[in-house]
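Engineer: Sharing data.cif below, mmCIF, C-alpha atoms:
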```cif
data_structure
loop_
_atom_site.label_atom_id
_atom_site.label_comp_id
_atom_site.auth_asym_id
_atom_site.auth_seq_id
_atom_site.Cartn_x
_atom_site.Cartn_y
_atom_site.Cartn_z
CA MET A 1 71.00 228.93 111.42
CA LYS A 2 67.60 228.78 113.08
CA THR A 3 67.53 227.10 116.49
CA ILE A 4 64.49 225.08 117.64
CA GLN A 5 63.79 224.56 121.31
CA LEU A 6 63.00 220.99 122.29
CA LYS A 7 60.91 220.65 125.41
CA SER A 8 62.49 218.26 127.89
CA ILE A 9 60.54 215.24 129.13
CA PRO A 10 61.47 213.83 132.55
CA ALA A 11 62.93 210.35 132.75
CA ILE A 12 60.92 207.49 134.22
CA THR A 13 61.90 205.88 137.50
CA ALA A 14 60.53 202.68 138.94
CA THR A 15 58.06 204.56 141.13
CA ASP A 16 57.06 207.46 138.90
CA THR A 17 54.16 207.77 136.49
CA TYR A 18 55.29 209.07 133.14
CA ALA A 19 54.27 212.70 132.68
CA PHE A 20 52.99 213.63 129.22
CA ALA A 21 53.44 217.33 128.52
CA PRO A 22 51.27 219.33 126.10
CA GLY A 23 53.11 219.73 122.83
CA GLY A 24 55.77 217.36 124.08
CA PHE A 25 58.30 215.30 122.18
CA ALA A 26 58.96 211.59 122.65
CA ASP A 27 62.37 210.44 123.80
CA HIS A 28 64.01 207.23 124.99
CA THR A 29 61.83 207.15 128.11
CA THR A 30 58.43 207.56 126.44
CA PRO A 31 56.17 204.51 126.99
CA LEU A 32 56.17 202.17 124.01
CA ILE A 33 53.15 202.26 121.70
CA LEU A 34 51.28 198.95 121.81
CA ASN A 35 48.39 199.60 119.41
CA CYS A 36 50.46 199.24 116.26
CA TRP A 37 51.46 196.44 113.88
CA TYR A 38 55.10 195.49 114.41
CA VAL A 39 57.20 192.80 112.78
CA ALA A 40 57.60 189.83 115.12
CA ALA A 41 59.95 187.88 112.86
CA LEU A 42 60.89 187.11 109.32
CA ALA A 43 58.68 184.44 107.81
CA SER A 44 61.77 182.26 107.41
CA GLU A 45 62.41 182.37 111.17
CA VAL A 46 59.11 180.82 112.24
CA SER A 47 58.69 177.07 111.78
CA ARG A 48 57.59 174.00 113.71
CA ASP A 49 60.50 174.67 116.06
CA ILE A 50 59.26 176.99 118.82
CA ILE A 51 61.23 180.23 119.14
CA SER A 52 60.95 183.07 121.62
CA ARG A 53 61.53 186.81 121.37
CA ARG A 54 60.91 189.73 123.69
CA LEU A 55 58.68 192.26 121.94
CA LEU A 56 57.63 195.53 123.57
CA GLY A 57 58.65 194.18 126.96
CA THR A 58 56.69 190.91 126.66
CA GLU A 59 58.16 187.45 126.12
CA VAL A 60 56.48 185.83 123.12
CA ALA A 61 56.67 182.22 121.88
CA MET A 62 56.17 181.64 118.14
CA TYR A 63 55.63 178.58 115.96
CA ARG A 64 53.60 177.36 112.99
CA THR A 65 50.56 175.10 113.01
CA LEU A 66 50.51 171.96 110.90
CA ALA A 67 48.69 174.03 108.28
CA GLY A 68 51.54 176.54 108.28
CA GLU A 69 49.79 179.41 110.08
CA PRO A 70 52.05 181.47 112.37
CA VAL A 71 51.09 181.51 116.06
CA ALA A 72 52.25 183.82 118.85
CA ILE A 73 51.39 183.36 122.51
CA ARG A 74 52.83 184.73 125.69
CA ASN A 75 55.96 182.79 126.56
CA ARG A 76 54.93 182.20 130.16
CA CYS A 77 52.86 179.34 131.53
CA PRO A 78 50.06 180.66 133.77
CA HIS A 79 50.84 178.01 136.39
CA ARG A 80 54.49 178.58 137.36
CA SER A 81 55.79 180.89 134.63
CA PHE A 82 57.78 178.21 132.83
CA PRO A 83 58.79 179.52 129.36
CA LEU A 84 56.49 177.76 126.92
CA ALA A 85 59.11 177.99 124.17
CA LYS A 86 60.98 175.35 126.18
CA GLY A 87 58.04 172.98 125.77
CA LYS A 88 57.11 170.89 122.74
CA LEU A 89 54.49 170.66 120.03
CA ASP A 90 52.08 167.75 119.65
CA GLY A 91 50.29 168.57 116.43
CA ASP A 92 48.97 172.09 117.00
CA ILE A 93 49.02 171.74 120.78
CA LEU A 94 51.88 173.28 122.74
CA GLN A 95 52.76 171.36 125.89
CA CYS A 96 54.50 173.09 128.79
CA GLY A 97 57.75 171.36 129.70
CA TYR A 98 57.21 171.73 133.48
CA HIS A 99 53.81 170.24 134.40
CA GLY A 100 52.53 169.24 130.96
CA MET A 101 49.74 171.80 130.61
CA GLN A 102 48.58 171.89 126.98
CA PHE A 103 47.51 174.96 125.04
CA ASP A 104 45.88 175.32 121.62
CA PRO A 105 46.91 178.09 119.19
CA SER A 106 44.38 180.48 120.73
CA GLY A 107 46.13 180.12 124.09
CA ARG A 108 43.29 178.14 125.68
CA CYS A 109 44.36 175.33 128.01
CA VAL A 110 42.92 172.05 126.70
CA ASN A 111 44.48 169.68 129.24
CA MET A 112 45.94 169.81 132.74
CA PRO A 113 47.39 166.33 133.36
CA SER A 114 47.32 166.60 137.17
CA LEU A 115 43.61 167.53 137.32
CA PRO A 116 40.53 165.59 136.21
CA ILE A 117 38.92 168.79 134.87
CA THR A 118 40.83 171.42 132.93
CA PRO A 119 40.55 174.77 134.76
CA SER A 120 38.64 177.30 132.67
CA ASN A 121 40.89 180.20 133.71
CA ALA A 122 44.11 178.47 132.67
CA SER A 123 44.93 180.24 129.43
CA VAL A 124 47.73 182.33 127.98
CA ARG A 125 47.36 185.40 125.84
CA SER A 126 47.62 184.92 122.09
CA PHE A 127 48.50 187.73 119.70
CA PRO A 128 47.09 188.41 116.21
CA MET A 129 49.63 187.64 113.49
CA VAL A 130 49.57 188.31 109.74
CA GLU A 131 52.13 186.98 107.27
CA ARG A 132 52.85 189.18 104.25
CA GLY A 133 55.74 188.28 102.02
CA PRO A 134 58.94 187.89 104.05
CA LEU A 135 57.44 189.51 107.16
CA ILE A 136 55.22 188.31 109.99
CA TRP A 137 53.38 191.17 111.66
CA ILE A 138 52.09 191.06 115.24
CA TRP A 139 49.62 193.20 117.23
CA MET A 140 50.59 193.52 120.90
CA GLY A 141 47.90 196.02 121.91
CA GLU A 142 44.15 195.83 122.38
CA ALA A 143 42.99 192.85 120.33
CA ASP A 144 39.76 194.49 119.13
CA LYS A 145 41.81 197.24 117.45
CA ALA A 146 43.94 194.84 115.38
CA ASP A 147 42.76 195.99 111.95
CA GLU A 148 44.79 194.31 109.17
CA ALA A 149 44.16 197.35 106.98
CA LEU A 150 46.59 199.23 109.23
CA ILE A 151 49.54 197.00 108.27
CA PRO A 152 51.97 199.20 106.30
CA ASP A 153 52.44 198.51 102.60
CA THR A 154 55.73 196.78 101.75
CA HIS A 155 54.57 194.98 98.60
CA TRP A 156 57.91 195.44 96.82
CA LEU A 157 59.46 192.94 99.25
CA HIS A 158 57.52 190.13 97.57
CA ASP A 159 56.90 191.55 94.10
CA ALA A 160 58.65 189.71 91.23
CA LYS A 161 59.47 193.07 89.65
CA TRP A 162 61.83 193.86 92.54
CA LYS A 163 64.98 192.23 93.92
CA SER A 164 65.98 192.72 97.56
CA VAL A 165 69.02 192.17 99.72
CA GLN A 166 68.49 192.14 103.46
CA GLY A 167 70.02 191.98 106.91
CA SER A 168 69.25 192.44 110.58
CA TYR A 169 70.74 193.76 113.81
CA TYR A 170 69.90 193.54 117.47
CA MET A 171 70.84 196.92 118.86
CA LYS A 172 71.03 198.56 122.28
CA SER A 173 69.28 201.78 121.37
CA ASP A 174 65.79 203.26 121.41
CA TYR A 175 63.47 203.28 118.42
CA ILE A 176 62.82 207.02 118.73
CA SER A 177 66.47 207.77 118.03
CA MET A 178 66.54 205.23 115.20
CA HIS A 179 63.59 206.90 113.47
CA GLU A 180 65.19 210.30 113.96
CA ASN A 181 68.48 209.04 112.55
CA LEU A 182 66.77 207.98 109.32
CA LEU A 183 64.91 211.29 109.05
CA ASP A 184 68.18 213.17 109.56
CA GLN A 185 69.80 213.08 106.13
CA THR A 186 72.42 215.71 107.05
CA HIS A 187 74.52 213.06 108.79
CA PHE A 188 74.92 210.93 105.65
CA PRO A 189 78.19 212.46 104.32
CA PHE A 190 79.86 212.27 107.74
CA LEU A 191 78.77 208.96 109.25
CA HIS A 192 78.52 207.20 105.85
CA PRO A 193 81.03 208.98 103.57
CA GLY A 194 81.21 207.69 100.02
CA ALA A 195 78.66 204.89 100.24
CA ILE A 196 75.47 206.88 100.90
CA GLY A 197 76.13 210.52 101.49
CA THR A 198 77.64 213.32 99.44
CA PRO A 199 78.19 216.91 100.61
CA GLU A 200 76.07 218.15 97.68
CA TYR A 201 73.14 215.99 98.79
CA ALA A 202 73.36 217.26 102.37
CA ARG A 203 73.11 220.83 101.07
CA SER A 204 70.25 220.15 98.64
CA LYS A 205 66.80 221.60 99.25
CA LEU A 206 64.71 219.73 101.80
CA ASP A 207 60.90 219.77 101.78
CA VAL A 208 59.08 218.38 104.82
CA ARG A 209 55.38 217.62 104.98
CA GLN A 210 53.06 215.77 107.31
CA ASP A 211 50.13 213.61 106.18
CA GLY A 212 48.23 212.60 109.30
CA GLU A 213 50.82 210.76 111.37
CA VAL A 214 53.16 210.15 108.42
CA ILE A 215 56.21 212.43 108.15
CA ILE A 216 57.55 212.81 104.60
CA ILE A 217 60.82 214.29 103.31
CA ASP A 218 61.17 215.16 99.63
CA ARG A 219 64.58 215.96 98.21
CA GLN A 220 66.13 216.32 94.78
CA LEU A 221 69.64 216.89 93.55
CA LYS A 222 70.33 217.40 89.84
CA ASN A 223 73.52 217.10 87.81
CA SER A 224 75.58 215.50 90.55
CA PRO A 225 77.37 212.12 90.68
CA PRO A 226 75.53 209.52 92.79
CA PRO A 227 77.01 207.98 95.95
CA GLY A 228 78.43 204.49 95.73
CA VAL A 229 75.32 202.65 96.88
CA TYR A 230 73.53 203.93 93.76
CA GLY A 231 76.44 204.54 91.41
CA VAL A 232 78.03 201.08 91.49
CA PRO A 233 74.95 198.91 90.78
CA THR A 234 73.64 201.29 88.10
CA GLY A 235 77.07 201.72 86.50
CA LEU A 236 76.77 205.50 86.83
CA THR A 237 79.66 206.18 89.22
CA GLY A 238 81.14 209.62 88.56
CA LYS A 239 78.48 210.60 86.03
CA PRO A 240 76.19 213.59 86.74
CA VAL A 241 72.65 212.31 87.28
CA HIS A 242 69.38 213.55 88.71
CA ARG A 243 68.55 212.10 92.11
CA TYR A 244 65.04 212.21 93.56
CA SER A 245 64.22 210.81 96.98
CA GLU A 246 61.34 210.50 99.40
CA ALA A 247 61.79 209.30 102.98
CA ARG A 248 58.87 208.43 105.22
CA PHE A 249 58.26 207.86 108.89
CA ALA A 250 55.43 205.49 108.02
CA SER A 251 54.59 204.18 111.50
CA PRO A 252 56.34 203.52 114.83
CA ALA A 253 57.37 200.20 113.25
CA LEU A 254 58.51 201.32 109.81
CA HIS A 255 60.62 203.82 107.89
CA VAL A 256 60.77 203.62 104.09
CA ALA A 257 62.78 205.53 101.53
CA PHE A 258 62.16 205.68 97.78
CA ALA A 259 65.04 206.76 95.55
CA ARG A 260 64.97 207.41 91.80
CA ILE A 261 68.16 207.89 89.82
CA VAL A 262 67.75 209.41 86.35
CA ASP A 263 70.55 209.41 83.78
CA PRO A 264 69.82 212.44 81.54
CA THR A 265 72.18 211.20 78.80
CA PRO A 266 72.00 207.40 78.75
CA ALA A 267 74.18 205.42 76.39
CA GLU A 268 72.44 203.90 73.40
CA GLY A 269 70.32 200.95 74.51
CA ALA A 270 70.84 201.70 78.23
CA GLN A 271 67.98 202.52 80.58
CA SER A 272 67.70 205.99 82.02
CA ASP A 273 65.58 205.41 85.14
CA TYR A 274 66.58 203.34 88.17
CA ARG A 275 64.61 202.88 91.37
CA PHE A 276 65.55 201.77 94.87
CA ASN A 277 63.19 201.15 97.80
CA ILE A 278 64.87 200.98 101.20
CA THR A 279 62.90 199.48 104.07
CA HIS A 280 63.81 199.83 107.76
CA ILE A 281 61.75 197.84 110.26
CA PHE A 282 61.98 198.30 114.02
CA THR A 283 60.35 196.38 116.84
CA PRO A 284 61.37 197.55 120.31
CA GLU A 285 62.37 194.86 122.76
CA SER A 286 62.28 197.60 125.39
CA ASN A 287 62.96 201.33 125.59
CA GLY A 288 66.66 200.56 125.20
CA ALA A 289 66.83 197.70 122.69
CA ILE A 290 65.50 197.10 119.16
CA HIS A 291 65.04 194.21 116.75
CA TYR A 292 65.99 195.81 113.43
CA TRP A 293 65.50 194.40 109.92
CA TRP A 294 66.51 196.18 106.71
CA PHE A 295 65.92 195.58 102.99
CA ASN A 296 67.46 197.31 99.97
CA SER A 297 65.29 196.65 96.89
CA ARG A 298 65.85 197.59 93.23
CA ASP A 299 63.86 197.31 90.00
CA PHE A 300 66.78 196.60 87.62
CA LYS A 301 69.50 193.95 87.16
CA LEU A 302 67.32 191.49 89.05
CA ASN A 303 69.60 188.54 88.26
CA ASP A 304 72.92 190.32 88.77
CA GLN A 305 74.78 188.62 91.62
CA ALA A 306 77.48 191.30 91.65
CA ALA A 307 74.82 193.96 92.23
CA ASP A 308 73.37 191.84 95.04
CA ASP A 309 76.76 191.44 96.68
CA TYR A 310 77.68 195.11 96.44
CA LEU A 311 74.32 196.38 97.70
CA HIS A 312 74.37 193.97 100.62
CA GLU A 313 77.92 194.88 101.61
CA ALA A 314 77.42 198.64 101.25
CA SER A 315 74.04 198.63 103.02
CA ALA A 316 75.22 196.43 105.90
CA LYS A 317 78.25 198.66 106.45
CA ALA A 318 76.18 201.85 106.50
CA TYR A 319 73.49 200.48 108.79
CA LEU A 320 76.07 199.07 111.19
CA GLU A 321 77.53 202.59 111.36
CA ASP A 322 74.05 203.79 112.39
CA VAL A 323 73.80 201.02 114.99
CA ASP A 324 77.17 201.92 116.50
CA ALA A 325 76.39 205.65 116.58
CA LEU A 326 73.00 205.22 118.24
CA GLU A 327 74.30 202.77 120.82
CA TRP A 328 77.04 205.25 121.72
CA ILE A 329 74.49 208.07 121.97
CA LEU A 330 72.11 206.17 124.27
CA ASP A 331 75.03 205.15 126.47
CA VAL A 332 76.05 208.80 126.87
CA VAL A 333 72.46 209.96 127.47
CA THR A 334 71.76 207.34 130.15
CA GLN A 335 75.16 207.23 131.86
CA ASP A 336 76.33 210.86 131.90
CA ALA A 337 75.42 212.35 135.27
CA GLN A 338 75.51 215.93 133.97
CA PRO A 339 72.15 216.81 132.31
CA GLN A 340 72.14 218.30 128.84
CA PHE A 341 69.34 219.79 126.77
CA ASP A 342 70.30 219.06 123.17
CA LEU A 343 70.11 221.87 120.64
CA ASN A 344 67.86 221.51 117.61
CA PHE A 345 68.24 223.27 114.27
CA ALA A 346 66.09 223.76 111.19
CA PRO A 347 67.15 220.47 109.48
CA ASP A 348 65.95 218.61 112.59
CA LYS A 349 62.31 219.45 111.82
CA PRO A 350 61.39 215.98 110.42
CA GLY A 351 62.68 214.24 113.53
CA LEU A 352 60.90 216.66 115.82
CA LEU A 353 57.62 216.11 113.97
CA MET A 354 58.10 212.35 114.37
CA ARG A 355 58.83 212.75 118.08
CA ARG A 356 55.62 214.72 118.52
CA VAL A 357 53.57 212.11 116.64
CA ILE A 358 54.88 209.30 118.86
CA HIS A 359 54.46 211.42 122.01
CA ASP A 360 50.84 212.14 121.15
CA ARG A 361 50.10 208.51 120.25
CA ALA A 362 51.64 207.28 123.47
CA ALA A 363 49.70 209.88 125.47
CA LYS A 364 46.42 208.90 123.81
CA GLU A 365 47.07 205.22 124.43
CA ALA A 366 47.82 205.92 128.08
CA GLY A 367 44.64 207.97 128.42
CA ALA A 368 46.67 210.98 129.45
CA SER A 369 44.89 214.31 129.85
CA TYR A 370 46.70 217.63 129.65
#
```
Please render this file's structure as structure tokens.

Structural biologist:
Amino acid sequence: MKTIQLKSIPAITATDTYAFAPGGFADHTTPLILNCWYVAALASEVSRDIISRRLLGTEVAMYRTLAGEPVAIRNRCPHRSFPLAKGKLDGDILQCGYHGMQFDPSGRCVNMPSLPITPSNASVRSFPMVERGPLIWIWMGEADKADEALIPDTHWLHDAKWKSVQGSYYMKSDYISMHENLLDQTHFPFLHPGAIGTPEYARSKLDVRQDGEVIIIDRQLKNSPPPGVYGVPTGLTGKPVHRYSEARFASPALHVAFARIVDPTPAEGAQSDYRFNITHIFTPESNGAIHYWWFNSRDFKLNDQAADDYLHEASAKAYLEDVDALEWILDVVTQDAQPQFDLNFAPDKPGLLMRRVIHDRAAKEAGASY
């Protein structure tokens, strides 16, 4: 089997400047990319009750205006750093719970009770937010680069022709490893036996291509029974079918997979084509923790509660297995005093391409020169 050499990147310490190497690969120490749309929360999580969440190392307070628009501002009063999420809303004005400073949705201070004139420099940073279907996207980078056209397409999450089950995890891992995990389909039969992976699928031909910064895996397996996650809801368990899949590293915030199951000999009156879209959304809290949301969507049996229940149970089990594995890996990587340079093999190519994309984006954002 072909072996690929992965260039090591030194770890960051509190006093070091991160060193970007030419042709390098991102790892758990690579600075987080800020100029990207990430998911701040599910739309159902943000209401008139102020909530807080740490996103890309920054504490953010979120709420909705009286008109229902989502708002995100830095969760830190500019006076004495009191968390603004511990304050209260008066209409669309957020009042700090320590000295009563009041901020409008743009983050501008509109009243300082202890002063006759509101100081012009008393403001908090606000962040662009866009609500699309069940997701609220946030831009944590340079505000003038927040182009809504860059928000990834996830239309199936709010399209009436699709039905989704969903879940979420808070995990102590890095988003680089999570993206690599999803691009590494050879682990499916071993970490997720029965539900997702089959040995035949792991051995099937893998085609990898890159379109700009998007990494795409195409795979097909014909005349083979589907795994449980596809076989049970379609009713095709044990029957040879054709399975076509495409997996995409779509952005630092998103991985999507499109699966098509084709029954070559359907029963009379039965459909022959079934589609699943699987959406994985990551927003780093830090280099070692992730807010993770997942959706499993299908275009058939939209009102079948049994299909909902099975897909939710099977998906949640598989993704929790990923969470456990990646938390164990990061613990070993960060706690083991003996250095190791991990081997890489031909099937690791998609993950290595992704690591290079993120490395180069992070380097460009940092203004690094080689």

Engineer: Nearest to Ala325 of chain A: which of A:Cys109, A:Leu32, A:Asn181, A:Met101 is it, counting all atoms listed in the file?

Structural biologist: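 Ranking A:Cys109, A:Leu32, A:Asn181, A:Met101 by distance to Ala325 of chain A, first place goes to A:Asn181.
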
Engineer: Pick from A:Leu94, A:Cys36, A:Ile278, A:Ala43: nearest to Leu56 of chain A, with all atoms listed in the file counted?

Structural biologist: A:Cys36

Engineer: Any chance you could resolve the PyMOL selection byres ((chain A and resi 90) around 12) against this file and give the residues as a list in words?

Structural biologist: Arg48, Asp49, Ile50, Tyr63, Arg64, Thr65, Leu66, Gly87, Lys88, Leu89, Gly91, Asp92, Ile93, Leu94, Gln95, Cys96, Gly100, Met101, Gln102, Phe103, Asp104 and Pro105 of chain A

Engineer: Return the single residue from A:Asp184, A:Leu135, A:Pro83, A:Val71 that is closest to Asn344 of chain A, with distances computed using only C-alpha atoms.

Structural biologist: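 For Asn344 of chain A, the nearest of the given residues is A:Asp184.
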
Engineer: Quick one: residues within 9 Å of Val232 of chain A, all atoms listed in the file counted, chain neighbours fewer than 6 positions away excluded, as a PyMOL selection string?

Structural biologist: chain A and resi 226+307+310-311

Engineer: What's the 10 Å shell around Asn223 of chain A, counting all atoms listed in the file, without same-chain residues fewer than 6 positions away, as a list in words?

Structural biologist: Lys239, Pro240, Val241, His242, Arg243, Val262, Asp263 and Pro264 of chain A

Engineer: Tell me which of A:Gly288, A:Pro113, A:Gly228, A:Gly107 sits closest to Ser173 of chain A, counting all atoms listed in the file.

Structural biologist: A:Gly288

Engineer: What does the PyMOL selection byres ((chain A and resi 77) around 9) select in this file, as a PyMOL selection string?

Structural biologist: chain A and resi 74-76+78-84+96+98+101+122-124

Engineer: Once the PyMOL selection byres ((chain A and resi 155-162) around 6) is applied to the coordinates I shared, what remains selected? I want it as a short mmCIF file (atom, residue, chain, number, x, y, z; two decimals) with C-alpha atoms, in the coordinates of the input.

Structural biologist:
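Dumped to part18.cif:
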```cif
data_model
loop_
_atom_site.label_atom_id
_atom_site.label_comp_id
_atom_site.auth_asym_id
_atom_site.auth_seq_id
_atom_site.Cartn_x
_atom_site.Cartn_y
_atom_site.Cartn_z
CA GLY A 133 55.74 188.28 102.02
CA ASP A 153 52.44 198.51 102.60
CA THR A 154 55.73 196.78 101.75
CA LYS A 163 64.98 192.23 93.92
CA ARG A 298 65.85 197.59 93.23
CA ASP A 299 63.86 197.31 90.00
#
```

Engineer: Could you jot down the atom CA of Thr30 of chain A to atom CA of Ala61 of chain A separation for me, Å, one decimal place?

Structural biologist: 25.8 Å

Engineer: Would you mind telling me which residue in A:Asp211, A:Glu285, A:Asp218, A:Asp27 lies nearest to Glu246 of chain A when using all atoms listed in the file?

Structural biologist: A:Asp218

Engineer: Which of these residues is nearest to Ser315 of chain A, using only C-alpha atoms: A:His280, A:Lys86, A:His179, A:Arg275?

Structural biologist: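 Answer, going by the shortest atom-to-atom distance: A:His280.
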
Engineer: Would you mind listing what lies within 7 Å of Pro31 of chain A as a compact mmCIF listing (two decimals) with C-alpha atoms, keeping the file's coordinate frame, with all atoms listed in the file counted and same-chain residues fewer than 2 positions away left out?

Structural biologist:
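Wrote out.txt, looks like this:
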```
# COMPACT_ATOMS: atom_id res chain seq x y z
CA THR A 29 61.83 207.15 128.11
CA ILE A 33 53.15 202.26 121.70
CA ALA A 362 51.64 207.28 123.47
```

Engineer: Which centre and edge lengths in Å to one decimal define the box along x, y and z that fits every listed atom of segment 320-337 of chain A plus 4 Å per side, as AutoDock Vina command-line options?

Structural biologist:
```
--center_x 74.6 --center_y 205.7 --center_z 123.2 --size_x 13.8 --size_y 21.3 --size_z 32.1
```

Engineer: When you draw a straight line from atom CA of Glu180 of chain A to atom CA of Met354 of chain A, how long is it in Å?

Structural biologist: 7.4 Å

Engineer: What is the distance between atom CA of Leu254 of chain A and atom CA of Ala143 of chain A, in Å to one decimal?

Structural biologist: 20.6 Å

Engineer: May I have the residues within 6 Å of segment 290-297 of chain A as an mmCIF file with C-alpha atoms, in the frame of the given file, using all atoms listed in the file and disregarding those fewer than 5 positions away in the same chain?

Structural biologist:
```cif
data_model
loop_
_atom_site.group_PDB
_atom_site.id
_atom_site.type_symbol
_atom_site.label_atom_id
_atom_site.label_comp_id
_atom_site.auth_asym_id
_atom_site.auth_seq_id
_atom_site.Cartn_x
_atom_site.Cartn_y
_atom_site.Cartn_z
ATOM 1 C CA LYS A 163 64.980 192.230 93.920
ATOM 2 C CA SER A 164 65.980 192.720 97.560
ATOM 3 C CA VAL A 165 69.020 192.170 99.720
ATOM 4 C CA GLN A 166 68.490 192.140 103.460
ATOM 5 C CA GLY A 167 70.020 191.980 106.910
ATOM 6 C CA SER A 168 69.250 192.440 110.580
ATOM 7 C CA TYR A 169 70.740 193.760 113.810
ATOM 8 C CA TYR A 170 69.900 193.540 117.470
ATOM 9 C CA MET A 171 70.840 196.920 118.860
ATOM 10 C CA PHE A 276 65.550 201.770 94.870
ATOM 11 C CA ASN A 277 63.190 201.150 97.800
ATOM 12 C CA ILE A 278 64.870 200.980 101.200
ATOM 13 C CA THR A 279 62.900 199.480 104.070
ATOM 14 C CA HIS A 280 63.810 199.830 107.760
ATOM 15 C CA ILE A 281 61.750 197.840 110.260
ATOM 16 C CA PHE A 282 61.980 198.300 114.020
ATOM 17 C CA THR A 283 60.350 196.380 116.840
ATOM 18 C CA PRO A 284 61.370 197.550 120.310
ATOM 19 C CA GLU A 285 62.370 194.860 122.760
#
```

Engineer: Working from the structure I just supplied, which lacks atoms in segment 43-54 of chain A, can you model N, CA and C atoms there and output them as a PDB file, keeping the file's coordinate frame?

Structural biologist:
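Heads up, here's the output in selection_5.pdb:
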```pdb
ATOM      1  N   ALA A  43      59.439 185.667 108.045  1.00  0.00           N
ATOM      2  CA  ALA A  43      58.680 184.440 107.810  1.00  0.00           C
ATOM      3  C   ALA A  43      59.590 183.219 107.857  1.00  0.00           C
ATOM      4  N   SER A  44      60.827 183.372 107.422  1.00  0.00           N
ATOM      5  CA  SER A  44      61.770 182.260 107.410  1.00  0.00           C
ATOM      6  C   SER A  44      62.218 181.836 108.806  1.00  0.00           C
ATOM      7  N   GLU A  45      61.993 182.688 109.805  1.00  0.00           N
ATOM      8  CA  GLU A  45      62.410 182.370 111.170  1.00  0.00           C
ATOM      9  C   GLU A  45      61.416 181.498 111.917  1.00  0.00           C
ATOM     10  N   VAL A  46      60.167 181.493 111.486  1.00  0.00           N
ATOM     11  CA  VAL A  46      59.110 180.820 112.240  1.00  0.00           C
ATOM     12  C   VAL A  46      58.784 179.493 111.564  1.00  0.00           C
ATOM     13  N   SER A  47      58.886 178.411 112.323  1.00  0.00           N
ATOM     14  CA  SER A  47      58.690 177.070 111.780  1.00  0.00           C
ATOM     15  C   SER A  47      58.005 176.199 112.839  1.00  0.00           C
ATOM     16  N   ARG A  48      58.138 174.914 112.703  1.00  0.00           N
ATOM     17  CA  ARG A  48      57.590 174.000 113.710  1.00  0.00           C
ATOM     18  C   ARG A  48      58.485 173.939 114.949  1.00  0.00           C
ATOM     19  N   ASP A  49      59.647 174.535 114.883  1.00  0.00           N
ATOM     20  CA  ASP A  49      60.500 174.670 116.060  1.00  0.00           C
ATOM     21  C   ASP A  49      60.084 175.944 116.798  1.00  0.00           C
ATOM     22  N   ILE A  50      59.730 175.831 118.055  1.00  0.00           N
ATOM     23  CA  ILE A  50      59.260 176.990 118.820  1.00  0.00           C
ATOM     24  C   ILE A  50      60.430 177.930 119.089  1.00  0.00           C
ATOM     25  N   ILE A  51      60.224 179.226 118.816  1.00  0.00           N
ATOM     26  CA  ILE A  51      61.230 180.230 119.140  1.00  0.00           C
ATOM     27  C   ILE A  51      60.610 181.259 120.069  1.00  0.00           C
ATOM     28  N   SER A  52      61.443 182.019 120.735  1.00  0.00           N
ATOM     29  CA  SER A  52      60.950 183.070 121.620  1.00  0.00           C
ATOM     30  C   SER A  52      61.661 184.374 121.311  1.00  0.00           C
ATOM     31  N   ARG A  53      60.969 185.473 121.592  1.00  0.00           N
ATOM     32  CA  ARG A  53      61.530 186.810 121.370  1.00  0.00           C
ATOM     33  C   ARG A  53      60.804 187.769 122.286  1.00  0.00           C
ATOM     34  N   ARG A  54      61.548 188.708 122.857  1.00  0.00           N
ATOM     35  CA  ARG A  54      60.910 189.730 123.690  1.00  0.00           C
ATOM     36  C   ARG A  54      60.513 190.893 122.793  1.00  0.00           C
TER      37      ARG A  54
END
```
